[in-house]
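Colleague: File name query_23.pdb; file contents PDB, C-alpha atoms; full text below.
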```
ATOM      1  CA  MET V 166       4.042   4.919  -8.679
ATOM      2  CA  PHE V 167       0.447   5.701  -7.683
ATOM      3  CA  ASN V 168      -1.279   5.121 -11.001
ATOM      4  CA  ILE V 169      -5.036   5.326 -10.962
ATOM      5  CA  ASP V 170      -7.610   4.614 -13.632
ATOM      6  CA  LEU V 171     -10.104   7.461 -13.763
ATOM      7  CA  SER V 172     -12.350   5.414 -16.061
ATOM      8  CA  SER V 173     -12.494   2.454 -13.662
ATOM      9  CA  ARG V 174     -15.652   1.652 -11.760
ATOM     10  CA  VAL V 175     -13.457   1.110  -8.690
ATOM     11  CA  PRO V 176     -13.498   4.282  -6.575
ATOM     12  CA  ILE V 177     -10.262   6.276  -6.680
ATOM     13  CA  TYR V 178      -9.745   6.078  -2.903
ATOM     14  CA  GLU V 179     -10.018   2.286  -3.142
ATOM     15  CA  GLN V 180      -7.503   2.177  -6.008
ATOM     16  CA  LEU V 181      -5.083   4.253  -3.903
ATOM     17  CA  TYR V 182      -5.637   1.991  -0.899
ATOM     18  CA  LYS V 183      -4.965  -1.178  -2.881
ATOM     19  CA  LYS V 184      -1.971   0.270  -4.729
ATOM     20  CA  THR V 185      -0.358   1.464  -1.496
ATOM     21  CA  LEU V 186      -0.943  -1.915   0.138
ATOM     22  CA  GLU V 187       0.430  -3.732  -2.897
ATOM     23  CA  LEU V 188       3.565  -1.568  -2.983
ATOM     24  CA  ALA V 189       4.108  -2.099   0.750
ATOM     25  CA  ILE V 190       3.657  -5.863   0.484
ATOM     26  CA  LYS V 191       6.038  -6.080  -2.476
ATOM     27  CA  GLY V 192       8.622  -4.020  -0.579
ATOM     28  CA  VAL V 193       8.604  -1.135  -3.060
ATOM     29  CA  LEU V 194       7.434   1.056  -0.178
ATOM     30  CA  LYS V 195       9.517  -0.064   2.760
ATOM     31  CA  GLU V 196       8.678   0.299   6.432
ATOM     32  CA  ASN V 197       8.926   3.942   7.608
ATOM     33  CA  THR V 198       8.943   5.306   4.038
ATOM     34  CA  GLN V 199       7.189   8.666   4.005
ATOM     35  CA  LEU V 200       4.195   8.918   1.691
ATOM     36  CA  PRO V 201       3.420  12.014  -0.362
ATOM     37  CA  SER V 202       1.308  14.606   1.416
ATOM     38  CA  VAL V 203      -2.429  14.428   0.829
ATOM     39  CA  ARG V 204      -2.413  17.696  -1.101
ATOM     40  CA  GLY V 205       0.708  16.800  -3.069
ATOM     41  CA  LEU V 206      -0.586  13.408  -4.149
ATOM     42  CA  ALA V 207      -4.009  14.825  -4.968
ATOM     43  CA  LYS V 208      -2.386  17.462  -7.170
ATOM     44  CA  ASP V 209      -0.155  14.881  -8.904
ATOM     45  CA  LEU V 210      -3.125  12.614  -9.608
ATOM     46  CA  GLY V 211      -5.555  15.402 -10.443
ATOM     47  CA  VAL V 212      -8.063  14.335  -7.813
ATOM     48  CA  ASN V 213      -9.752  15.963  -4.847
ATOM     49  CA  PRO V 214      -7.623  15.988  -1.656
ATOM     50  CA  ASN V 215     -10.595  14.472   0.205
ATOM     51  CA  THR V 216     -10.223  11.363  -1.970
ATOM     52  CA  VAL V 217      -6.574  10.900  -0.995
ATOM     53  CA  SER V 218      -7.421  11.699   2.622
ATOM     54  CA  LYS V 219     -10.067   8.958   2.653
ATOM     55  CA  ALA V 220      -7.562   6.420   1.299
ATOM     56  CA  TYR V 221      -4.981   7.449   3.915
ATOM     57  CA  GLN V 222      -7.578   7.226   6.697
ATOM     58  CA  LEU V 223      -8.497   3.676   5.664
ATOM     59  CA  LEU V 224      -4.843   2.689   5.360
ATOM     60  CA  GLU V 225      -4.177   4.032   8.845
ATOM     61  CA  ARG V 226      -7.282   2.326  10.242
ATOM     62  CA  ASP V 227      -6.012  -0.987   8.874
ATOM     63  CA  GLY V 228      -2.467  -0.497  10.180
ATOM     64  CA  ILE V 229      -0.865  -0.158   6.752
ATOM     65  CA  ILE V 230       0.368   3.370   7.429
ATOM     66  CA  TYR V 231       0.815   5.579  10.471
ATOM     67  CA  SER V 232       0.755   9.348  10.786
ATOM     68  CA  VAL V 233       2.999  11.685  12.741
ATOM     69  CA  SER V 234       1.265  14.968  13.463
ATOM     70  CA  GLY V 235       2.820  17.830  11.542
ATOM     71  CA  ILE V 236       5.229  15.542   9.685
ATOM     72  CA  GLY V 237       3.246  13.173   7.485
ATOM     73  CA  SER V 238       2.207   9.598   6.828
ATOM     74  CA  PHE V 239       4.558   6.625   6.743
ATOM     75  CA  ILE V 240       4.429   2.943   5.827
ATOM     76  CA  ALA V 241       3.925   0.804   8.914
ATOM     77  CA  LYS V 242       5.359  -2.645   9.495
ATOM     78  CA  ILE V 243       3.114  -4.962   7.499
ATOM     79  CA  ASN V 244       1.893  -7.828   9.638
ATOM     80  CA  THR V 245       1.176 -11.294   8.313
ATOM     81  CA  ASN V 246      -2.539 -10.973   9.028
ATOM     82  CA  ALA V 247      -2.764  -7.999   6.671
ATOM     83  CA  LEU V 248      -0.882  -9.948   4.013
ATOM     84  CA  MET V 249      -3.168 -12.937   4.340
ATOM     85  CA  GLU V 250      -6.307 -10.823   4.318
ATOM     86  CA  TYR V 251      -5.165  -9.019   1.182
ATOM     87  CA  ALA V 252      -4.369 -12.295  -0.577
ATOM     88  CA  PHE V 253      -7.578 -14.021   0.465
ATOM     89  CA  GLU V 254      -9.747 -11.105  -0.633
ATOM     90  CA  ASP V 255      -8.649 -11.505  -4.250
ATOM     91  CA  PHE V 256      -8.575 -15.297  -3.941
ATOM     92  CA  ASP V 257     -12.162 -15.416  -2.715
ATOM     93  CA  LYS V 258     -13.323 -13.269  -5.634
ATOM     94  CA  ALA V 259     -11.483 -15.503  -8.102
ATOM     95  CA  VAL V 260     -12.959 -18.669  -6.592
ATOM     96  CA  GLU V 261     -16.449 -17.167  -6.711
ATOM     97  CA  GLU V 262     -16.023 -16.293 -10.403
ATOM     98  CA  ALA V 263     -14.653 -19.759 -11.184
ATOM     99  CA  LEU V 264     -17.596 -21.442  -9.464
ATOM    100  CA  LYS V 265     -20.028 -19.215 -11.378
ATOM    101  CA  ALA V 266     -18.274 -20.355 -14.562
ATOM    102  CA  SER V 267     -19.025 -23.993 -13.617
ATOM    103  CA  VAL V 268     -15.487 -24.864 -12.551
ATOM    104  CA  SER V 269     -15.792 -27.654  -9.996
ATOM    105  CA  LYS V 270     -14.336 -27.469  -6.506
ATOM    106  CA  GLU V 271     -12.228 -30.501  -7.364
ATOM    107  CA  GLU V 272     -10.760 -28.704 -10.395
ATOM    108  CA  LEU V 273      -9.956 -25.682  -8.236
ATOM    109  CA  ILE V 274      -8.271 -27.845  -5.608
ATOM    110  CA  GLU V 275      -6.223 -29.644  -8.258
ATOM    111  CA  ARG V 276      -5.170 -26.324  -9.763
ATOM    112  CA  ILE V 277      -4.026 -25.067  -6.358
ATOM    113  CA  LYS V 278      -2.082 -28.282  -5.725
ATOM    114  CA  ASN V 279      -0.249 -27.872  -9.048
ATOM    115  CA  PHE V 280       0.353 -24.139  -8.698
ATOM    116  CA  LYS V 281       3.962 -22.991  -8.832
ATOM    117  CA  VAL V 282       4.878 -19.514  -7.558
ATOM    118  CA  GLY V 283       6.277 -17.156 -10.136
ATOM    119  CA  ASN V 284       5.066 -18.825 -13.291
ATOM    120  CA  GLY V 285       1.443 -19.774 -12.706
ATOM    121  CA  LEU V 286       0.932 -23.402 -13.520
TER     122      LEU V 286
END
```
What does this structure look like when you write it as structure tokens?

Modeller:
Amino acid sequence: MFNIDLSSRVPIYEQLYKKTLELAIKGVLKENTQLPSVRGLAKDLGVNPNTVSKAYQLLERDGIIYSVSGIGSFIAKINTNALMEYAFEDFDKAVEEALKASVSKEELIERIKNFKVGNGL
């Protein structure tokens, strides 16, 4: 479930953050689902526990998870602002790349207008 790419230039804690958020948004990890312990997940992934701890701290800071002392970390109720922020982060990067590739704003707008969920264009 928590696959990471050790050869990626994206830091492992960031990969864990994004994967957890993605799984929560998609409903794979439902509200109040307990996450693996920091040590357990670190062992499973073959990474330092501090890396997993950093991801969990950022997830908690952003309201994606919550912790119960002595029990563990759980998926929080995902609010619409978190969903929008997650979507717009990737969208903004894609728009920036398209503009660098000389795609016009008009072409981007037309593409968005014609976009159909589930099957691209």

Colleague: Evaluate the PyMOL selection byres ((chain V and resi 185) around 12) and record the selected residues as a count of residues only, following the chain and residue labels used in the document.

Modeller: 39

Colleague: Report the residues retrieved by the PyMOL selection byres ((chain V and resi 253-260) around 12) from the displayed file, expressed as a PDB file with C-alpha atoms, keeping the file's coordinate frame.

Modeller:
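Generated output (out-v1.pdb):
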```pdb
ATOM      1  CA  LYS V 183      -4.965  -1.178  -2.881  1.00  0.00           C
ATOM      2  CA  ASN V 246      -2.539 -10.973   9.028  1.00  0.00           C
ATOM      3  CA  ALA V 247      -2.764  -7.999   6.671  1.00  0.00           C
ATOM      4  CA  LEU V 248      -0.882  -9.948   4.013  1.00  0.00           C
ATOM      5  CA  MET V 249      -3.168 -12.937   4.340  1.00  0.00           C
ATOM      6  CA  GLU V 250      -6.307 -10.823   4.318  1.00  0.00           C
ATOM      7  CA  TYR V 251      -5.165  -9.019   1.182  1.00  0.00           C
ATOM      8  CA  ALA V 252      -4.369 -12.295  -0.577  1.00  0.00           C
ATOM      9  CA  GLU V 261     -16.449 -17.167  -6.711  1.00  0.00           C
ATOM     10  CA  GLU V 262     -16.023 -16.293 -10.403  1.00  0.00           C
ATOM     11  CA  ALA V 263     -14.653 -19.759 -11.184  1.00  0.00           C
ATOM     12  CA  LEU V 264     -17.596 -21.442  -9.464  1.00  0.00           C
ATOM     13  CA  LYS V 265     -20.028 -19.215 -11.378  1.00  0.00           C
ATOM     14  CA  ALA V 266     -18.274 -20.355 -14.562  1.00  0.00           C
ATOM     15  CA  SER V 267     -19.025 -23.993 -13.617  1.00  0.00           C
ATOM     16  CA  VAL V 268     -15.487 -24.864 -12.551  1.00  0.00           C
ATOM     17  CA  SER V 269     -15.792 -27.654  -9.996  1.00  0.00           C
ATOM     18  CA  LYS V 270     -14.336 -27.469  -6.506  1.00  0.00           C
ATOM     19  CA  GLU V 271     -12.228 -30.501  -7.364  1.00  0.00           C
ATOM     20  CA  GLU V 272     -10.760 -28.704 -10.395  1.00  0.00           C
ATOM     21  CA  LEU V 273      -9.956 -25.682  -8.236  1.00  0.00           C
ATOM     22  CA  ILE V 274      -8.271 -27.845  -5.608  1.00  0.00           C
ATOM     23  CA  ARG V 276      -5.170 -26.324  -9.763  1.00  0.00           C
ATOM     24  CA  ILE V 277      -4.026 -25.067  -6.358  1.00  0.00           C
TER      25      ILE V 277
END
```

Colleague: Could you please determine the separation between atom CA of Glu196 of chain V and atom CA of Ser232 of chain V in Å, to one decimal place?

Modeller: 12.8 Å

Colleague: For atom CA of Pro214 of chain V and atom CA of Ser202 of chain V, quote the distance in Å rounded to one decimal.

Modeller: 9.5 Å

Colleague: Quick one, how far is atom CA of Ser218 of chain V from atom CA of Val203 of chain V?

Modeller: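 Separation between atom CA of Ser218 of chain V and atom CA of Val203 of chain V: 6.0 Å.
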